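As provided, start.cif (mmCIF, N, CA and C atoms) reads as follows.
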data_my_file
#
loop_
_atom_site.label_atom_id
_atom_site.label_comp_id
_atom_site.auth_asym_id
_atom_site.auth_seq_id
_atom_site.Cartn_x
_atom_site.Cartn_y
_atom_site.Cartn_z
N MET A 287 19.98 191.20 82.78
CA MET A 287 19.15 191.92 83.72
C MET A 287 17.96 192.55 83.00
N LYS A 288 18.17 193.06 81.80
CA LYS A 288 17.06 193.66 81.05
C LYS A 288 16.00 192.63 80.70
N LEU A 289 16.42 191.40 80.41
CA LEU A 289 15.47 190.34 80.08
C LEU A 289 14.56 190.05 81.29
N LYS A 290 15.15 190.03 82.48
CA LYS A 290 14.37 189.77 83.69
C LYS A 290 13.34 190.89 83.91
N LYS A 291 13.76 192.14 83.74
CA LYS A 291 12.83 193.26 83.92
C LYS A 291 11.72 193.22 82.88
N MET A 292 12.08 192.90 81.65
CA MET A 292 11.08 192.81 80.58
C MET A 292 10.06 191.71 80.87
N LEU A 293 10.55 190.57 81.34
CA LEU A 293 9.67 189.46 81.69
C LEU A 293 8.73 189.85 82.84
N LEU A 294 9.28 190.54 83.85
CA LEU A 294 8.45 190.99 84.96
C LEU A 294 7.39 192.00 84.50
N MET A 295 7.75 192.88 83.57
CA MET A 295 6.78 193.84 83.05
C MET A 295 5.66 193.14 82.29
N ILE A 296 6.01 192.15 81.49
CA ILE A 296 5.01 191.39 80.73
C ILE A 296 4.08 190.65 81.68
N ILE A 297 4.65 189.97 82.69
CA ILE A 297 3.83 189.24 83.66
C ILE A 297 2.94 190.21 84.43
N GLY A 298 3.48 191.38 84.78
CA GLY A 298 2.70 192.39 85.48
C GLY A 298 1.52 192.87 84.65
N CYS A 299 1.76 193.10 83.36
CA CYS A 299 0.66 193.54 82.47
C CYS A 299 -0.40 192.46 82.33
N ILE A 300 0.03 191.22 82.25
CA ILE A 300 -0.93 190.10 82.20
C ILE A 300 -1.73 190.06 83.49
N GLY A 301 -1.05 190.27 84.63
CA GLY A 301 -1.73 190.29 85.92
C GLY A 301 -2.78 191.39 86.01
N VAL A 302 -2.44 192.57 85.50
CA VAL A 302 -3.40 193.68 85.50
C VAL A 302 -4.60 193.32 84.62
N GLY A 303 -4.33 192.77 83.45
CA GLY A 303 -5.42 192.39 82.55
C GLY A 303 -6.34 191.35 83.15
N LEU A 304 -5.76 190.31 83.74
CA LEU A 304 -6.58 189.27 84.37
C LEU A 304 -7.31 189.79 85.60
N GLY A 305 -6.64 190.68 86.35
CA GLY A 305 -7.29 191.30 87.51
C GLY A 305 -8.46 192.16 87.10
N ALA A 306 -8.31 192.90 86.01
CA ALA A 306 -9.40 193.73 85.50
C ALA A 306 -10.57 192.85 85.04
N LEU A 307 -10.25 191.74 84.40
CA LEU A 307 -11.31 190.80 84.00
C LEU A 307 -12.00 190.21 85.23
N GLY A 308 -11.23 189.99 86.29
CA GLY A 308 -11.78 189.43 87.52
C GLY A 308 -12.78 190.34 88.19
N VAL A 309 -12.69 191.64 87.93
CA VAL A 309 -13.68 192.57 88.48
C VAL A 309 -15.04 192.30 87.86
N VAL A 310 -15.05 191.93 86.59
CA VAL A 310 -16.29 191.72 85.85
C VAL A 310 -16.76 190.27 85.90
N LEU A 311 -15.82 189.34 85.81
CA LEU A 311 -16.16 187.92 85.79
C LEU A 311 -16.04 187.33 87.19
N PRO A 312 -17.12 186.84 87.77
CA PRO A 312 -17.07 186.35 89.14
C PRO A 312 -16.20 185.10 89.33
N ILE A 313 -15.95 184.35 88.29
CA ILE A 313 -15.16 183.12 88.42
C ILE A 313 -13.66 183.39 88.49
N LEU A 314 -13.24 184.56 88.05
CA LEU A 314 -11.82 184.91 87.99
C LEU A 314 -11.44 185.77 89.20
N PRO A 315 -10.43 185.35 89.98
CA PRO A 315 -10.06 186.14 91.14
C PRO A 315 -9.36 187.44 90.75
N THR A 316 -9.68 188.51 91.42
CA THR A 316 -9.09 189.82 91.13
C THR A 316 -7.81 190.04 91.91
N VAL A 317 -7.90 189.91 93.21
CA VAL A 317 -6.80 190.30 94.10
C VAL A 317 -5.50 189.55 93.84
N PRO A 318 -5.50 188.22 93.67
CA PRO A 318 -4.21 187.55 93.45
C PRO A 318 -3.49 188.06 92.19
N PHE A 319 -4.24 188.33 91.13
CA PHE A 319 -3.61 188.83 89.91
C PHE A 319 -3.09 190.25 90.10
N LEU A 320 -3.81 191.05 90.85
CA LEU A 320 -3.33 192.41 91.11
C LEU A 320 -2.11 192.40 92.03
N LEU A 321 -2.07 191.47 92.98
CA LEU A 321 -0.87 191.33 93.82
C LEU A 321 0.33 190.92 92.97
N LEU A 322 0.09 190.02 92.03
CA LEU A 322 1.16 189.61 91.11
C LEU A 322 1.66 190.80 90.31
N ALA A 323 0.74 191.61 89.81
CA ALA A 323 1.12 192.79 89.04
C ALA A 323 1.91 193.77 89.90
N ALA A 324 1.45 194.01 91.13
CA ALA A 324 2.16 194.93 92.02
C ALA A 324 3.57 194.43 92.29
N PHE A 325 3.72 193.14 92.54
CA PHE A 325 5.03 192.54 92.77
C PHE A 325 5.95 192.72 91.57
N CYS A 326 5.42 192.41 90.39
CA CYS A 326 6.23 192.49 89.17
C CYS A 326 6.61 193.93 88.83
N PHE A 327 5.66 194.85 88.94
CA PHE A 327 5.95 196.24 88.60
C PHE A 327 6.92 196.87 89.59
N ALA A 328 6.82 196.50 90.86
CA ALA A 328 7.72 197.05 91.88
C ALA A 328 9.16 196.64 91.62
N ARG A 329 9.36 195.50 90.97
CA ARG A 329 10.71 195.00 90.72
C ARG A 329 11.22 195.25 89.30
N SER A 330 10.34 195.78 88.45
CA SER A 330 10.77 195.95 87.07
C SER A 330 10.85 197.40 86.62
N SER A 331 9.86 198.19 86.99
CA SER A 331 9.79 199.55 86.44
C SER A 331 9.13 200.50 87.43
N GLU A 332 9.87 201.51 87.83
CA GLU A 332 9.32 202.50 88.75
C GLU A 332 8.15 203.24 88.11
N ARG A 333 8.26 203.51 86.83
CA ARG A 333 7.20 204.21 86.12
C ARG A 333 5.90 203.40 86.09
N LEU A 334 6.00 202.10 85.75
CA LEU A 334 4.81 201.23 85.74
C LEU A 334 4.26 201.06 87.15
N ASN A 335 5.13 200.94 88.14
CA ASN A 335 4.69 200.80 89.52
C ASN A 335 3.90 202.03 89.97
N ASN A 336 4.42 203.21 89.66
CA ASN A 336 3.71 204.45 90.03
C ASN A 336 2.36 204.55 89.31
N TRP A 337 2.34 204.16 88.04
CA TRP A 337 1.07 204.16 87.31
C TRP A 337 0.08 203.20 87.96
N PHE A 338 0.53 201.99 88.26
CA PHE A 338 -0.35 200.96 88.80
C PHE A 338 -0.93 201.35 90.15
N ILE A 339 -0.11 201.87 91.05
CA ILE A 339 -0.62 202.23 92.37
C ILE A 339 -1.52 203.48 92.32
N GLY A 340 -1.53 204.15 91.19
CA GLY A 340 -2.42 205.29 91.01
C GLY A 340 -3.76 204.93 90.41
N THR A 341 -3.93 203.68 89.95
CA THR A 341 -5.19 203.28 89.31
C THR A 341 -6.26 202.98 90.35
N ASN A 342 -7.52 203.16 89.95
CA ASN A 342 -8.64 202.82 90.83
C ASN A 342 -8.69 201.33 91.12
N LEU A 343 -8.26 200.52 90.16
CA LEU A 343 -8.24 199.07 90.33
C LEU A 343 -7.39 198.71 91.55
N TYR A 344 -6.22 199.32 91.66
CA TYR A 344 -5.33 199.08 92.80
C TYR A 344 -5.94 199.65 94.08
N LYS A 345 -6.40 200.89 94.01
CA LYS A 345 -6.92 201.56 95.21
C LYS A 345 -8.14 200.85 95.77
N ASN A 346 -9.02 200.36 94.92
CA ASN A 346 -10.24 199.71 95.38
C ASN A 346 -10.01 198.30 95.91
N ASN A 347 -8.98 197.61 95.41
CA ASN A 347 -8.82 196.20 95.75
C ASN A 347 -7.61 195.88 96.63
N LEU A 348 -6.55 196.65 96.54
CA LEU A 348 -5.32 196.26 97.22
C LEU A 348 -4.74 197.27 98.20
N GLU A 349 -5.01 198.53 98.02
CA GLU A 349 -4.28 199.55 98.77
C GLU A 349 -4.34 199.33 100.28
N SER A 350 -5.51 199.08 100.82
CA SER A 350 -5.62 198.90 102.27
C SER A 350 -4.89 197.64 102.72
N TYR A 351 -4.92 196.58 101.92
CA TYR A 351 -4.23 195.34 102.27
C TYR A 351 -2.71 195.53 102.24
N VAL A 352 -2.21 196.19 101.20
CA VAL A 352 -0.77 196.40 101.07
C VAL A 352 -0.26 197.29 102.20
N LYS A 353 -1.06 198.24 102.62
CA LYS A 353 -0.66 199.14 103.72
C LYS A 353 -0.82 198.48 105.08
N GLY A 354 -1.26 197.23 105.12
CA GLY A 354 -1.37 196.49 106.36
C GLY A 354 -2.63 196.75 107.15
N LYS A 355 -3.60 197.40 106.55
CA LYS A 355 -4.84 197.72 107.25
C LYS A 355 -5.87 196.59 107.15
N GLY A 356 -5.77 195.75 106.14
CA GLY A 356 -6.70 194.63 105.98
C GLY A 356 -7.53 194.76 104.72
N MET A 357 -8.62 193.97 104.68
CA MET A 357 -9.53 193.95 103.53
C MET A 357 -10.96 194.08 104.03
N THR A 358 -11.81 194.56 103.15
CA THR A 358 -13.22 194.62 103.51
C THR A 358 -13.80 193.20 103.50
N ARG A 359 -14.88 193.03 104.22
CA ARG A 359 -15.53 191.72 104.28
C ARG A 359 -15.94 191.26 102.88
N LYS A 360 -16.43 192.19 102.06
CA LYS A 360 -16.87 191.87 100.70
C LYS A 360 -15.70 191.32 99.87
N THR A 361 -14.54 191.96 99.97
CA THR A 361 -13.36 191.51 99.21
C THR A 361 -12.91 190.13 99.70
N LYS A 362 -12.88 189.93 101.00
CA LYS A 362 -12.47 188.63 101.55
C LYS A 362 -13.41 187.52 101.10
N ILE A 363 -14.71 187.79 101.15
CA ILE A 363 -15.68 186.77 100.74
C ILE A 363 -15.55 186.46 99.26
N LYS A 364 -15.36 187.49 98.45
CA LYS A 364 -15.20 187.30 97.00
C LYS A 364 -13.99 186.41 96.71
N ILE A 365 -12.88 186.66 97.41
CA ILE A 365 -11.68 185.85 97.21
C ILE A 365 -11.92 184.42 97.66
N MET A 366 -12.51 184.25 98.84
CA MET A 366 -12.73 182.89 99.36
C MET A 366 -13.69 182.09 98.48
N VAL A 367 -14.74 182.72 97.99
CA VAL A 367 -15.70 182.01 97.13
C VAL A 367 -15.04 181.62 95.81
N THR A 368 -14.29 182.54 95.22
CA THR A 368 -13.63 182.25 93.94
C THR A 368 -12.65 181.10 94.09
N VAL A 369 -11.82 181.16 95.10
CA VAL A 369 -10.84 180.08 95.30
C VAL A 369 -11.53 178.77 95.62
N THR A 370 -12.60 178.81 96.39
CA THR A 370 -13.33 177.58 96.71
C THR A 370 -13.90 176.94 95.45
N VAL A 371 -14.49 177.75 94.58
CA VAL A 371 -15.06 177.22 93.33
C VAL A 371 -13.96 176.62 92.45
N LEU A 372 -12.87 177.35 92.29
CA LEU A 372 -11.78 176.85 91.44
C LEU A 372 -11.15 175.58 92.01
N MET A 373 -10.96 175.55 93.32
CA MET A 373 -10.38 174.35 93.93
C MET A 373 -11.36 173.17 93.89
N MET A 374 -12.64 173.47 93.97
CA MET A 374 -13.64 172.41 93.87
C MET A 374 -13.59 171.78 92.48
N ILE A 375 -13.42 172.59 91.47
CA ILE A 375 -13.31 172.05 90.10
C ILE A 375 -12.09 171.12 90.01
N GLY A 376 -10.96 171.59 90.54
CA GLY A 376 -9.76 170.75 90.55
C GLY A 376 -9.96 169.48 91.36
N PHE A 377 -10.63 169.60 92.49
CA PHE A 377 -10.89 168.46 93.36
C PHE A 377 -11.73 167.41 92.63
N ILE A 378 -12.76 167.86 91.93
CA ILE A 378 -13.63 166.95 91.19
C ILE A 378 -12.86 166.27 90.06
N MET A 379 -12.01 167.04 89.38
CA MET A 379 -11.25 166.49 88.26
C MET A 379 -10.18 165.49 88.71
N MET A 380 -9.80 165.53 89.97
CA MET A 380 -8.77 164.62 90.49
C MET A 380 -9.39 163.41 91.18
N ASP A 381 -10.48 162.90 90.64
CA ASP A 381 -11.15 161.79 91.30
C ASP A 381 -10.29 160.53 91.39
N GLN A 382 -9.29 160.38 90.56
CA GLN A 382 -8.42 159.21 90.60
C GLN A 382 -7.09 159.48 91.32
N VAL A 383 -6.86 160.72 91.78
CA VAL A 383 -5.59 161.10 92.38
C VAL A 383 -5.83 161.50 93.84
N LEU A 384 -5.74 160.53 94.72
CA LEU A 384 -6.02 160.77 96.13
C LEU A 384 -5.06 161.80 96.74
N VAL A 385 -3.78 161.70 96.42
CA VAL A 385 -2.80 162.63 96.98
C VAL A 385 -3.11 164.07 96.52
N GLY A 386 -3.49 164.23 95.27
CA GLY A 386 -3.86 165.54 94.76
C GLY A 386 -5.05 166.12 95.49
N ARG A 387 -6.03 165.28 95.76
CA ARG A 387 -7.21 165.73 96.50
C ARG A 387 -6.85 166.15 97.92
N ILE A 388 -5.98 165.40 98.55
CA ILE A 388 -5.56 165.73 99.92
C ILE A 388 -4.80 167.06 99.94
N VAL A 389 -3.90 167.24 98.98
CA VAL A 389 -3.14 168.50 98.90
C VAL A 389 -4.08 169.67 98.66
N LEU A 390 -5.00 169.52 97.71
CA LEU A 390 -5.96 170.60 97.44
C LEU A 390 -6.83 170.91 98.66
N ALA A 391 -7.27 169.89 99.36
CA ALA A 391 -8.09 170.11 100.55
C ALA A 391 -7.29 170.86 101.62
N CYS A 392 -6.03 170.49 101.81
CA CYS A 392 -5.18 171.18 102.80
C CYS A 392 -4.95 172.64 102.41
N VAL A 393 -4.64 172.87 101.15
CA VAL A 393 -4.43 174.24 100.67
C VAL A 393 -5.70 175.07 100.85
N TRP A 394 -6.85 174.47 100.54
CA TRP A 394 -8.11 175.18 100.69
C TRP A 394 -8.37 175.55 102.15
N VAL A 395 -8.15 174.59 103.07
CA VAL A 395 -8.38 174.85 104.49
C VAL A 395 -7.47 175.98 104.98
N PHE A 396 -6.18 175.93 104.63
CA PHE A 396 -5.27 176.97 105.06
C PHE A 396 -5.61 178.32 104.43
N HIS A 397 -6.08 178.31 103.21
CA HIS A 397 -6.51 179.54 102.54
C HIS A 397 -7.67 180.18 103.29
N ILE A 398 -8.66 179.39 103.62
CA ILE A 398 -9.83 179.90 104.34
C ILE A 398 -9.42 180.41 105.72
N LEU A 399 -8.60 179.65 106.43
CA LEU A 399 -8.15 180.08 107.76
C LEU A 399 -7.35 181.37 107.68
N TYR A 400 -6.50 181.49 106.66
CA TYR A 400 -5.70 182.71 106.51
C TYR A 400 -6.60 183.93 106.32
N PHE A 401 -7.57 183.83 105.44
CA PHE A 401 -8.42 184.98 105.18
C PHE A 401 -9.39 185.26 106.33
N MET A 402 -9.76 184.24 107.09
CA MET A 402 -10.65 184.47 108.22
C MET A 402 -9.91 185.07 109.42
N PHE A 403 -8.71 184.56 109.70
CA PHE A 403 -8.01 184.96 110.92
C PHE A 403 -6.71 185.73 110.68
N GLY A 404 -6.12 185.60 109.51
CA GLY A 404 -4.83 186.24 109.25
C GLY A 404 -4.93 187.62 108.62
N VAL A 405 -6.01 187.88 107.93
CA VAL A 405 -6.20 189.18 107.27
C VAL A 405 -7.26 189.95 108.05
N LYS A 406 -6.90 191.12 108.53
CA LYS A 406 -7.81 191.94 109.31
C LYS A 406 -9.00 192.37 108.44
N THR A 407 -10.20 192.34 109.02
CA THR A 407 -11.40 192.79 108.32
C THR A 407 -11.66 194.24 108.71
N ILE A 408 -11.78 195.08 107.71
CA ILE A 408 -12.08 196.49 107.96
C ILE A 408 -13.46 196.82 107.42
N LYS A 409 -14.07 197.84 107.99
CA LYS A 409 -15.38 198.28 107.52
C LYS A 409 -15.20 199.06 106.23
N THR A 410 -16.21 199.05 105.38
CA THR A 410 -16.12 199.70 104.06
C THR A 410 -15.73 201.15 104.14
N GLY A 411 -16.35 201.92 105.00
CA GLY A 411 -16.03 203.34 105.14
C GLY A 411 -14.70 203.59 105.83
N GLN A 412 -14.24 202.62 106.60
CA GLN A 412 -13.01 202.75 107.37
C GLN A 412 -11.78 202.78 106.48
N GLU A 413 -11.80 202.04 105.36
CA GLU A 413 -10.61 201.98 104.52
C GLU A 413 -10.26 203.34 103.91
N SER A 414 -11.26 204.13 103.52
CA SER A 414 -10.96 205.42 102.92
C SER A 414 -10.56 206.44 103.99
N MET A 415 -11.05 206.27 105.23
CA MET A 415 -10.68 207.20 106.29
C MET A 415 -9.24 206.97 106.76
N GLN A 416 -8.77 205.74 106.75
CA GLN A 416 -7.44 205.43 107.26
C GLN A 416 -6.34 205.65 106.24
N ILE A 417 -6.67 205.67 104.98
CA ILE A 417 -5.66 205.81 103.94
C ILE A 417 -5.34 207.23 103.78
#
Could you render the structure as structure tokens?
Amino acid sequence: MKLKKMLLMIIGCIGVGLGALGVVLPILPTVPFLLLAAFCFARSSERLNNWFIGTNLYKNNLESYVKGKGMTRKTKIKIMVTVTVLMMIGFIMMDQVLVGRIVLACVWVFHILYFMFGVKTIKTGQESMQI
């Protein structure tokens, strides 16, 4: 059991690091890595989880989404653009793998539909008032 918790803590720390890099680097997605970190910390260490949910990185990118309120339009667009660019690279590299291209195209379409219709869009000022 300790090995599992240690592995989750390590993955969570990697997620925080990559999420922090994603704030600065436009090609790297922020939110998925922070969600991974939140998931890992919640299951491994109460102390790390409390630290993580107290950081500005969490509050600015995930808090409203985790509380079920949604995401700002800017955050949604940033996620959709990043995933589109990364999937486009994979799509181009799979020029000889038709099945891979079809799977990537389907995943991309469902990703876009989810963020457009499945995640509520909140106004920038609204997220701080509701929290």
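Coordinates place atom C of Lys355 in chain A at a distance of 6.3 Å from CA of Ile408 in chain A.
Counting only C-alpha atoms and comparing A:Thr316, A:Thr361, A:Thr368, A:Gln382, the residue that lies closest to Lys406 in chain A is A:Thr361.
In this model, the gap between CA of Glu332 in chain A and CA of Phe319 in chain A comes to 18.9 Å.
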Calculated over only C-alpha atoms, which of the candidates A:Gly386, A:Gly404, A:Pro318, A:Gly340 has the smallest distance to Ile365 in chain A? A:Pro318
For Gly305 in chain A, list every protein, DNA or RNA residue within 6.5 Å, evaluated using all atoms listed in the file, and leave out those in the same chain fewer than 4 positions away; present the list as a PyMOL selection string. chain A and resi 300-301+309+315-317+319-320
Out of chain A, which residues get alpha helix (DSSP H) from DSSP, as number ranges by chain? A: 288-310, 317-330, 332-339, 342-347, 349-352, 359-379, 384-399, 410-416
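With atom C of Val367 in chain A on one side and atom C of Tyr351 in chain A on the other, the separation reads 19.7 Å.
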Can you pull out every residue from chain A that DSSP, working from the backbone, puts in strand (DSSP E or B), and format the result as an MDAnalysis selection string? chainID A and resid 357:358 407:408
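Among the candidates A:Gly376, A:Gly356, A:Gly298, A:Gly303, the residue lying nearest to Ser330 in chain A is A:Gly298 (atoms considered: only C-alpha atoms).
With only C-alpha atoms taken into account, the protein and nucleic acid residues at most 12 Å from Val405 in chain A (excluding it and anything under 5 positions from it in its own chain) are Ser350, Tyr351, Val352, Lys353, Gly354, Lys355, Gly356, Met357, Thr358, Arg359, Thr361, Lys362, Ile363, Ile365, His397, Ile398, Leu399 and Tyr400 of chain A.
Between Val310 in chain A and the residues A:Met380, A:Ile375, A:Leu343, A:Val385, the shortest atom-to-atom distance, using only C-alpha atoms, involves A:Leu343.
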Using only the atoms of range 344-358 of chain A listed in the file, plus 8 Å on each side, state the axis-aligned box centre and edge lengths in Å rounded to one decimal, as JSON.
{"center_x": -7.0, "center_y": 197.4, "center_z": 99.5, "size_x": 29.5, "size_y": 24.4, "size_z": 31.6}
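Here, the PyMOL selection byres (((chain A and resi 296 and name CA) around 12) and name CA) matches A:Leu289, A:Lys290, A:Lys291, A:Met292, A:Leu293, A:Leu294, A:Met295, A:Ile297, A:Gly298, A:Cys299, A:Ile300, A:Gly301, A:Val302, A:Gly303, A:Leu322, A:Ala323, A:Cys326, A:Phe327, A:Ser330, A:Ser331, A:Leu334.
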Name the residues in contact with Leu390 in chain A at a cut-off of 10 Å, using only C-alpha atoms, excluding same-chain residues fewer than 6 positions from it; report them as a PDB file with N, CA and C atoms, in the frame of the given file.
ATOM      1  N   MET A 373     -10.960 175.550  93.320  1.00  0.00           N
ATOM      2  CA  MET A 373     -10.380 174.350  93.930  1.00  0.00           C
ATOM      3  C   MET A 373     -11.360 173.170  93.890  1.00  0.00           C
ATOM      4  N   MET A 374     -12.640 173.470  93.970  1.00  0.00           N
ATOM      5  CA  MET A 374     -13.640 172.410  93.870  1.00  0.00           C
ATOM      6  C   MET A 374     -13.590 171.780  92.480  1.00  0.00           C
ATOM      7  N   GLY A 376     -10.960 171.590  90.540  1.00  0.00           N
ATOM      8  CA  GLY A 376      -9.760 170.750  90.550  1.00  0.00           C
ATOM      9  C   GLY A 376      -9.960 169.480  91.360  1.00  0.00           C
ATOM     10  N   PHE A 377     -10.630 169.600  92.490  1.00  0.00           N
ATOM     11  CA  PHE A 377     -10.890 168.460  93.360  1.00  0.00           C
ATOM     12  C   PHE A 377     -11.730 167.410  92.630  1.00  0.00           C
ATOM     13  N   MET A 380      -9.800 165.530  89.970  1.00  0.00           N
ATOM     14  CA  MET A 380      -8.770 164.620  90.490  1.00  0.00           C
ATOM     15  C   MET A 380      -9.390 163.410  91.180  1.00  0.00           C
ATOM     16  N   LEU A 384      -5.740 160.530  94.720  1.00  0.00           N
ATOM     17  CA  LEU A 384      -6.020 160.770  96.130  1.00  0.00           C
ATOM     18  C   LEU A 384      -5.060 161.800  96.740  1.00  0.00           C
ATOM     19  N   PHE A 396      -6.180 175.930 104.630  1.00  0.00           N
ATOM     20  CA  PHE A 396      -5.270 176.970 105.060  1.00  0.00           C
ATOM     21  C   PHE A 396      -5.610 178.320 104.430  1.00  0.00           C
TER      22      PHE A 396
END
